[in-house]
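Below: the structure, in structure tokens.
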Amino acid sequence: MIPFSDPSASYQAHKSEIDQAVKRVLDSGWYVLGTEVDAFEEEFASFHGKDFHAVGVANGTDAVALCLRGLGLGTGDEVITPSHTAVATVAGIEQAGCTPVFADIEPNTRCLYPKSIEERVGTNTRAVMPVHIYGQPAEMHKVLKIAKAHNLAVVEDCSQAHGAEIDGQKVGTFADISAYSCYPTKNLGGTGDGGVILCRSKEFAEKIKSLRQYGWNEARESIIPGFNSRLDEMQAAILRVKLEHLADDNNKRRVIALRYNEGFKKLPITLPALKENELHAMHLYVIECDQRNELMEYLRSHQIGASLHYPKAVHQHSAYKNRIRGWDNLPVTHQFYQRNLTLPMFPELSDEKVDKIVSAVTSFFKY
Ligand SMILES: Cc1ncc(COP(=O)(O)O)c(C=O)c1O
């Protein structure tokens, strides 16, 4: 079966550097929040520009929650976000004690639809959290404009879009604060759980550093109620290696996407938009078509790991059903979830396998 994502191929591609990094940590005898985490934070921040700070945390869900807690948001504060996202976005918002509100997506980007954000703003709305889904940048200029007009904080969920850009500017640098997951399947993924927060303010970074470890100050006194959300040294050391290769790996993903798009252009399917002024991080390659279920079955029977991201929008999960404001007015999200299909996408996917997938999809439509 050709998998839709392959973290082991990423390990094999960078094996000697990763092995060295792991050995360095094991030999050091220091395993959580140490020099590797410090170095990863510095390198991740400077990857985004010279005025940024980064804080490593235990996972992306915590990163979402800590961004909101760092802003001082909690009970009663609404955060507008899409229902078309990983459940983790919404879980992180609720973990912070905030109240998620769902806005619809725009069919082309599949990210938050600016007009829908405006429609959802209410008296308790304090923040908006766009998600750069599948690596596709959300319409950040419009989101920022709406946020400014309504005095809302903006937190970008960049968990699927490490290294994506709009007009040469990296996602994660549009808002003041951004959350990233470094789960193994992500574009910047470790071999276990991990996450990182990017921000412009040194003070905010210091606050997150305190929150991630029991609210401690330097004397290890808890000065605010905190959490345990520490990043371990092994993950940080591996993420440093992966960060070196991120731009190149993202480029390989885009070359594969172009090959797919070219192969599929005459078929009755909607392809991911690759805009000229953007660098899509191509975390997942997601098409849309009317015969989605039949095509998925067909591809699986041909050893191609077609999959769904996601099988359900967040508001369709029983844990969230009928209780998140906005759930009953998401027409584009609903339509998308009847047609979405994820095809294999990872930097090491060979041309030969991409061609095999293109011919399988083509023969499905032919016969
Ligand atoms: C959009 C999005 N947000 C947040 C997360 C949370 O990340 P984690 O699984 O590391 O907690 C993920 C990962 O699944 C994600 O895809």
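Numbering starts fresh at 1 for the residues of each chain in the structure tokens, the chains themselves are lettered A, B, ... in the order given, and ligands are numbered from 1 as they appear.
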
Residues near Tyr310 in chain A, cut-off 9 Å, only C-alpha atoms, skip fewer than 4 positions along chain, as a list in words:
His84, Thr85, Ala86, Val314, Tyr337, Asn340, Leu341 and Thr342 of chain A

Could you write out that same residue set with N, CA, C and O atoms as a compact mmCIF listing (two decimals), in the first residue's frame?
# COMPACT_ATOMS: atom_id res chain seq x y z
N HIS A 84 -13.86 23.00 9.78
CA HIS A 84 -13.02 22.19 8.87
C HIS A 84 -11.57 22.33 9.34
O HIS A 84 -10.80 23.15 8.84
N THR A 85 -11.23 21.50 10.34
CA THR A 85 -9.86 21.48 10.87
C THR A 85 -9.68 20.18 11.63
O THR A 85 -10.63 19.41 11.79
N ALA A 86 -8.46 19.94 12.10
CA ALA A 86 -8.24 18.82 13.01
C ALA A 86 -9.01 19.13 14.29
O ALA A 86 -9.04 20.29 14.73
N VAL A 314 -15.53 19.09 12.51
CA VAL A 314 -15.52 18.99 13.98
C VAL A 314 -16.95 19.01 14.53
O VAL A 314 -17.29 18.24 15.43
N TYR A 337 -17.23 18.18 2.84
CA TYR A 337 -17.07 16.87 3.51
C TYR A 337 -17.76 15.72 2.79
O TYR A 337 -17.61 14.57 3.19
N ASN A 340 -14.41 15.38 -0.28
CA ASN A 340 -12.95 15.43 -0.08
C ASN A 340 -12.29 14.06 -0.12
O ASN A 340 -12.86 13.06 0.33
N LEU A 341 -11.10 14.01 -0.67
CA LEU A 341 -10.33 12.76 -0.71
C LEU A 341 -8.84 13.11 -0.71
O LEU A 341 -8.38 13.92 -1.51
N THR A 342 -8.09 12.48 0.23
CA THR A 342 -6.66 12.76 0.36
C THR A 342 -5.86 11.71 -0.39
O THR A 342 -6.06 10.50 -0.18

Helix (DSSP H, G or I) positions in range 32-143 of chain A, given as a ChimeraX atom specification:
/A:35-48,60-70,87-95,114-120,133-135,140-143

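Neighbours of ligand 1 at a cut-off of 8 Å, computed so that only C-alpha atoms and all ligand atoms are counted, are the residues Ala58, Asn59, Gly60, Thr61, Asp62, Ala63, Val64, Thr85, Ala86, Val87, Ala88, Thr89, Gly92, Val131, His132, Ile133, Asp157, Cys158, Ser159, Gln160, Ala179, Tyr180, Ser181, Cys182, Tyr183, Lys186, Asp193, Gly194 and Gly195 of chain A.
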
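By chain and then residue number, the residues within 9 Å of Asp290 in chain A are Pro268, Ile269, Gln338, Arg339 and Asn340 of chain A, counting only C-alpha atoms and disregarding those fewer than 5 positions away in sequence.
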
What does the distance between CA of Pro3 in chain A and CA of Asn261 in chain A come to in Å, to one decimal place?
19.0 Å

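Interatomic distance, CA of Phe365 in chain A to CA of Met345 in chain A: 21.1 Å.
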
So that each row is one residue of range 57-110 of chain A with an atom at most 9 Å from range 328-335 of chain A, can you give its shortest atom pair and the distance in Å to one decimal, using only C-alpha atoms, rows by chain and rising number, as a tab-separated table?
residue	atom	partner	partner_atom	distance
A:Pro82	CA	A:Thr333	CA	8.6
A:Ser83	CA	A:Thr333	CA	7.5
A:His84	CA	A:Thr333	CA	6.4
A:Phe102	CA	A:Leu330	CA	8.0
A:Ala103	CA	A:Leu330	CA	6.9
A:Asp104	CA	A:Leu330	CA	4.9
A:Ile105	CA	A:Thr333	CA	6.1
A:Glu106	CA	A:Val332	CA	7.0
A:Pro107	CA	A:Val332	CA	6.5
A:Arg110	CA	A:Thr333	CA	8.2

Quick check for you: according to DSSP on this backbone, which residues of range 195-317 of chain A are classed as strand (DSSP E)? Reply as a VMD selection string.
chain A and resid 195 to 199 278 to 279 285 to 288

Nearest to Leu308 in chain A by atom-to-atom distance, counting only C-alpha atoms, from A:Tyr134, A:Glu165, A:Asn108, A:Glu206:
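Closest candidate: A:Tyr134.
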
Polymer residues at most 9 Å from Lys202 in chain A, only C-alpha atoms, same-chain spacing of 3 or more positions, as a ChimeraX atom specification
/A:52-53,199,205-207

For CA of Phe204 in chain A and CA of Ser116 in chain A, quote the distance in Å rounded to one decimal.
29.6 Å

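Summary of the local environment: counting only C-alpha atoms, residues at most 9 Å from Asp249 in chain A, other than itself and those fewer than 5 positions away along its chain, are Asn187, Arg254, Phe346, Pro347 and Glu348 of chain A.
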
List the neighbours of Leu73 in chain A out to 8 Å using only C-alpha atoms; skip same-chain residues closer than 2 positions along the sequence, and give me the result as a list in words.
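In the requested form, the answer reads Leu68, Arg69, Gly70, Leu71, Thr75, Asp77, Ala96, Gly97, Cys98 and Arg126 of chain A.
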
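Of the listed residues A:Ile117, A:Cys111, A:Ala281, A:Val154, the one whose atoms come nearest to Leu188 in chain A is A:Ala281, with distances taken using only C-alpha atoms.
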
Choose the residue, out of A:Ser359, A:Gln235, A:Thr81, A:Ser201, that has the smallest atom-to-atom separation from Ile93 in chain A; count only C-alpha atoms.
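With only C-alpha atoms as the atom set, the closest residue is A:Thr81.
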
Would you mind listing what lies within 10 Å of Val361 in chain A as a PyMOL selection string, with only C-alpha atoms counted and same-chain residues fewer than 6 positions away left out?
chain A and resi 263-264+267+295-296+298-299+355
